[in-house]
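Worksheet: one structure, shown below.
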Amino acid sequence: MAQYLVIVESPAKAKTIERYLGKRYKVKASMGHVRDLPKSQTGVDVKNDYEPKYITIRGKGPVLKELKTAAKKADKIYLAADPDREGEAIAWHLAHSLNIDLNSDCRVVFNEITKDAVKDSFKQPRKINMDLVDAQQARRILDRLVGYNISPLLWQKIKKGLSAGRVQSVAVKMIIDRENEIKNFKPEEYWSIESIFKKGRQSFDGAFYGIDGKKKALHSKADVEQILSTLKGNDFLVDKVNKRERKRNPSPAFTTSSLQQEAARKLNFRARKTMMVAQQLYEGIDLGKKDGGINGLITYMRTDSTRVSNTAKDQAKEYIEHKYGKEYSGSNRKSKNSEGAQDAHEAIRPTNALRDPQSLKTVLSRDQLKLYKLIWERFIASQMAPAVMDTMTVHLTNQGVEFRANGSKIKFKGFMSVYIESSDDQQKHKDKWLPDLKEGETVKSEKITPNQHFTQPPPRYTEARLVKTMEEKGIGRPSTYAPTLDTIQRRGYVALDNRRFVPTELGEIVTDVMEEFFPEIIDVAFTVKMEGDLDAVEEGKTEWIKIIDQFYQGFDKRLEKAEKEMEKVEIRDEPAGIDCEKCGHEMVYKMGRYGKFLACSNFPDCRNTKPILKEIGVNCPDCKDGNIVERKTKKRRTFYGCDNYPKCEFISWDKPVGRSCPKCNKMLVEKKSKKKAQVQCSSCDYKEEEQG
């Protein structure tokens, strides 16, 4: 009887698949890549068509030896790595290491780890797709040429442990650009006028729209006073009533990007955590003998496609019609993929739509259940009928001054019975219906209230917002989002403050150097073009060597110039103004991996450090020449004070934001509660609108 060897990446995946295939199949795990470029050198021969030098990864010798032993006993070897570029590259490396004929049908791929999907994949094995391999190889070589050539320069000129990369450098630049936008933002004044109207005993809200049917902006108090002086009495004519029915379609099933965004908003998951838990759900969970043992619960989680199989649609339809009724079932609308989406496999969805979250409560961990519930609900909702809203708009006039009142209510919940988008979730979908108003009748204005507002600066990037922006701009691909966010934080280029990215001084220094000597690396347009070029390689439209060469010819010249002209950036230790309590020498601010910290100037004889003072990048509003630092009380409560203390005794429980109130010119601070942070004035009643 023939014996077959199947090689996958992880032991969890191997265990699940071996159960499905039966005794003739032995499933082994390669534990990811077995070959890679060497860590000790660039490993790319730029003079010989960028020939990569691959070696066995350190520590993988025993794994490879075990695979070779198993391969000798097998009549046929199948390579079942993940269904993407990197998975194809892993299969290619394994084929080389195990002497598998590249022209043989040795590659099997499946989008979900279920019995049917796995068995079907073995009925149609194929050759290794060299276009996919070349696209991944090109990405790896590009990143190696950038990282291994620029990083040593940064170590030499700035400090050790730094790195540069095509995607990570652009991400840091985006965060810095946003911070500069916020710092340079100048608020502009504008006004609104709101009114409470009454018909009989019923009250409803309306707001100023314009004059004689034309919309008018209110820029000042004088504009408001002019409008109010035009009004005569408190009777308003119902000039027009518009009633209509509006449909709201559900969002498609998740892609990698939309899953990371929604998990951040709804579950408070970081991108890295989302992908880790999704990997567990994909590779298989033991549901117990009664429910079929180990099963993969979701489809592959690295995808930019919103396509869904007909089988999955049929399952969803069966569930929806049984649970809610036929009228709740959708019309199988085709989802449109975003521009540049590869559509190599499906959207992220449950492998069995009939397996609802409630049925998995006893077998999933808390985080697994949360994420599975999110994926399941989003998919089921995507296959449901649109929600139907009744909307009503009323035009109310007095002397040509027009107010408008809007009302809406849910007529048919449709997909909203299962899932509500996170952006909509905040609105809670409260019905706000108006009285039965008819054109030509009169209503009374009970109270008219003018309100002063100021335009708001753009918000800092959260992880979710940064991923969304990167996807919209075409920077990176599904597999790169989480590692990129992780890298820029580990390198100390950015930090998270209230779950929002702020650049560190180190990040700004490195970006300035990159902008001067390697502007294309941090240029969004260049990065997007490079992603397009890599896609062209995957599609077999161009050769990978050509793409590398086009990049390297210009890069090599910039590298040569940088080596000659880049000046050493000395990050000097700043005196902290306090003495070391251990040896009496002066304490200084040093630049560390996660920003500045206090250390004794008598190092290495004295190794005293104090990470308690954290600069927030705001000048002291009292003494003007000091910096505000974060301090802790004895009970570990955070407060903010001047680093010139005791000369300057400025103190604040609320975090200063470095801007002045546009209303009274006093200090703006960030007031925090458990669920939100709001910028408001430390003196007057000015408040900024909350930002997501």
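Convention: chains lettered A, B, ... in structure tokens order; per-chain residue numbering from 1; ligands numbered from 1 as shown.
Every protein or nucleic acid residue with an atom no more than 7 Å from segment 321-330 of chain A, counting only C-alpha atoms and leaving out same-chain residues fewer than 4 positions away, appears here: Lys317, Gln383, Met384, Ala385 and Gly414 of chain A.
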(request) Skip Lys198 of chain A itself and residues of its chain fewer than 5 positions away, then list as a ChimeraX atom specification all residues within 10 Å of it, counting only C-alpha atoms. (result) /A:203-205,235,435,442-447
(request) Please provide the set of residues having any atom within 10 Å of Ile509 of chain A, restricted to only C-alpha atoms, with same-chain residues fewer than 3 positions apart removed, written as a count of residues only. (result) 11
(message) For Gly577 of chain A, find every residue with an atom within 9 Å (counting only C-alpha atoms), except residues of its own chain fewer than 6 positions away, and show them as a ChimeraX atom specification.
(response) /A:586-588,643-645
(request) Identify which of the residues A:Arg139, A:Arg166, A:Lys564, A:His585 lies closest to Ser601 of chain A, counting only C-alpha atoms when measuring atom-to-atom distances. (result) A:His585
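You can rank A:Ala171, A:Ala95, A:Ile141, A:Leu485 by their closest distance to Thr469 of chain A using only C-alpha atoms, and at the top of that list sits A:Ala171.
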(message) as a ChimeraX atom specification, please: the residues near Leu396 of chain A (cut-off 7 Å, only C-alpha atoms, same-chain neighbours under 5 positions excluded).
(response) /A:236-239,402-404
Contacts between segment 5-13 of chain A and segment 41-151 of chain A, please, where a residue of segment 41-151 of chain A counts if it comes within 9 Å (with only C-alpha atoms); show its shortest atom pair and distance in Å to one decimal, rows by chain and ascending number, as JSON lines.
```
{"residue": "A:Leu67", "atom": "CA", "partner": "A:Ile7", "partner_atom": "CA", "distance": 8.3}
{"residue": "A:Ala70", "atom": "CA", "partner": "A:Leu5", "partner_atom": "CA", "distance": 7.1}
{"residue": "A:Ala71", "atom": "CA", "partner": "A:Leu5", "partner_atom": "CA", "distance": 6.6}
{"residue": "A:Lys73", "atom": "CA", "partner": "A:Leu5", "partner_atom": "CA", "distance": 8.5}
{"residue": "A:Ala74", "atom": "CA", "partner": "A:Leu5", "partner_atom": "CA", "distance": 5.8}
{"residue": "A:Asp75", "atom": "CA", "partner": "A:Leu5", "partner_atom": "CA", "distance": 7.9}
{"residue": "A:Lys76", "atom": "CA", "partner": "A:Leu5", "partner_atom": "CA", "distance": 6.3}
{"residue": "A:Ile77", "atom": "CA", "partner": "A:Leu5", "partner_atom": "CA", "distance": 4.8}
{"residue": "A:Tyr78", "atom": "CA", "partner": "A:Val6", "partner_atom": "CA", "distance": 4.7}
{"residue": "A:Leu79", "atom": "CA", "partner": "A:Ile7", "partner_atom": "CA", "distance": 5.1}
{"residue": "A:Ala80", "atom": "CA", "partner": "A:Val8", "partner_atom": "CA", "distance": 5.1}
{"residue": "A:Ala81", "atom": "CA", "partner": "A:Val8", "partner_atom": "CA", "distance": 4.9}
{"residue": "A:Asp82", "atom": "CA", "partner": "A:Glu9", "partner_atom": "CA", "distance": 7.8}
{"residue": "A:Gly87", "atom": "CA", "partner": "A:Glu9", "partner_atom": "CA", "distance": 8.6}
{"residue": "A:Ile90", "atom": "CA", "partner": "A:Glu9", "partner_atom": "CA", "distance": 8.4}
{"residue": "A:Ala91", "atom": "CA", "partner": "A:Ile7", "partner_atom": "CA", "distance": 8.6}
{"residue": "A:Leu94", "atom": "CA", "partner": "A:Ile7", "partner_atom": "CA", "distance": 8.7}
{"residue": "A:Ile113", "atom": "CA", "partner": "A:Lys13", "partner_atom": "CA", "distance": 8.0}
```
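Here atom CA of Pro656 of chain A stands at a distance of 15.7 Å from atom CA of Arg460 of chain A.
Among the candidates A:Glu565, A:Asp291, A:Glu441, A:Asp304, the residue lying nearest to Arg355 of chain A is A:Asp291 (atoms considered: only C-alpha atoms).
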(request) For Pro386 of chain A, work out the shell of residues within 8 Å, counting only C-alpha atoms and skipping chain neighbours fewer than 2 positions away, then give it as a PyMOL selection string. (result) chain A and resi 247-250+330+384+388+413-415
(request) Would you mind writing down, as a ChimeraX atom specification, each residue of segment 399-626 of chain A that DSSP on the backbone assigns to alpha helix (DSSP H)? (result) /A:422-425,463-473,481-490,505-517,524-538,544-565
(request) For Lys313 of chain A, list every protein, DNA or RNA residue within 10 Å, evaluated using only C-alpha atoms, and leave out those in the same chain fewer than 6 positions away; present the list as an MDAnalysis selection string. (result) chainID A and resid 319 330 332 353 379:380 382:383
(request) Run DSSP on the backbone of this structure and report the residues of segment 525-604 of chain A it assigns to strand (DSSP E), as a PyMOL selection string. (result) chain A and resi 574-579+586-592+595-600
Keeping only N, CA, C and O atoms, write the selected residues as a short mmCIF file (atom, residue, chain, number, x, y, z; two decimals), in the first residue's frame.
```
data_model
loop_
_atom_site.label_atom_id
_atom_site.label_comp_id
_atom_site.auth_asym_id
_atom_site.auth_seq_id
_atom_site.Cartn_x
_atom_site.Cartn_y
_atom_site.Cartn_z
N GLU A 574 20.94 64.85 27.99
CA GLU A 574 20.50 66.15 28.50
C GLU A 574 20.53 66.13 30.03
O GLU A 574 20.02 65.19 30.65
N PRO A 575 21.10 67.18 30.65
CA PRO A 575 21.08 67.25 32.10
C PRO A 575 19.64 67.29 32.61
O PRO A 575 18.80 68.00 32.06
N ALA A 576 19.35 66.51 33.66
CA ALA A 576 17.99 66.43 34.18
C ALA A 576 17.74 67.43 35.30
O ALA A 576 16.60 67.63 35.71
N GLY A 577 18.81 68.02 35.80
CA GLY A 577 18.64 69.02 36.86
C GLY A 577 18.47 68.41 38.24
O GLY A 577 18.14 69.11 39.20
N ILE A 578 18.71 67.11 38.36
CA ILE A 578 18.64 66.46 39.67
C ILE A 578 19.86 65.56 39.84
O ILE A 578 20.47 65.15 38.85
N ASP A 579 20.20 65.28 41.09
CA ASP A 579 21.37 64.45 41.37
C ASP A 579 20.95 63.01 41.64
O ASP A 579 19.84 62.74 42.10
N GLU A 586 25.32 63.92 38.64
CA GLU A 586 24.13 64.47 37.97
C GLU A 586 23.41 63.39 37.17
O GLU A 586 24.03 62.55 36.51
N MET A 587 22.08 63.40 37.23
CA MET A 587 21.27 62.51 36.40
C MET A 587 21.10 63.17 35.02
O MET A 587 21.03 64.40 34.91
N VAL A 588 21.03 62.34 33.99
CA VAL A 588 20.86 62.85 32.63
C VAL A 588 19.74 62.09 31.92
O VAL A 588 19.38 60.97 32.31
N TYR A 589 19.18 62.73 30.87
CA TYR A 589 18.20 62.04 30.03
C TYR A 589 18.95 61.29 28.95
O TYR A 589 19.78 61.84 28.25
N LYS A 590 18.66 60.00 28.82
CA LYS A 590 19.26 59.20 27.76
C LYS A 590 18.16 58.70 26.82
O LYS A 590 17.00 58.55 27.23
N MET A 591 18.54 58.45 25.58
CA MET A 591 17.59 57.92 24.61
C MET A 591 17.65 56.40 24.63
O MET A 591 18.71 55.81 24.41
N GLY A 592 16.53 55.78 24.94
CA GLY A 592 16.45 54.32 24.95
C GLY A 592 15.53 53.82 23.86
O GLY A 592 15.00 54.58 23.07
N GLY A 595 12.10 55.41 24.12
CA GLY A 595 12.08 56.84 24.41
C GLY A 595 13.12 57.19 25.46
O GLY A 595 14.06 56.44 25.72
N LYS A 596 12.93 58.34 26.08
CA LYS A 596 13.92 58.83 27.03
C LYS A 596 13.71 58.24 28.42
O LYS A 596 12.61 57.88 28.80
N PHE A 597 14.84 58.15 29.16
CA PHE A 597 14.77 57.72 30.55
C PHE A 597 15.87 58.43 31.31
O PHE A 597 16.79 59.01 30.73
N LEU A 598 15.78 58.42 32.63
CA LEU A 598 16.78 59.05 33.49
C LEU A 598 17.87 58.04 33.84
O LEU A 598 17.58 56.90 34.18
N ALA A 599 19.12 58.49 33.74
CA ALA A 599 20.25 57.62 34.09
C ALA A 599 21.34 58.46 34.74
O ALA A 599 21.45 59.67 34.50
N CYS A 600 22.15 57.80 35.52
CA CYS A 600 23.24 58.50 36.18
C CYS A 600 24.36 58.78 35.18
O CYS A 600 24.72 57.92 34.37
#
```
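Between Glu688 of chain A and the residues A:Ala525, A:Leu534, A:Glu318, A:Gln456, the shortest atom-to-atom distance, using only C-alpha atoms, involves A:Gln456.
Using only C-alpha atoms for every distance, the candidate list A:Gln261, A:Asn295, A:Asn48, A:Thr230 yields A:Thr230 as the residue closest to Asn398 of chain A.
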(message) Please report the interatomic distance between atom CA of Thr638 of chain A and atom CA of Val172 of chain A in Å with one decimal.
(response) 27.7 Å
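Shortest separation to Asp45 of chain A among A:Gly617, A:Ser682, A:Ile545, A:Lys568 occurs at residue A:Ile545, atoms counted being only C-alpha atoms.
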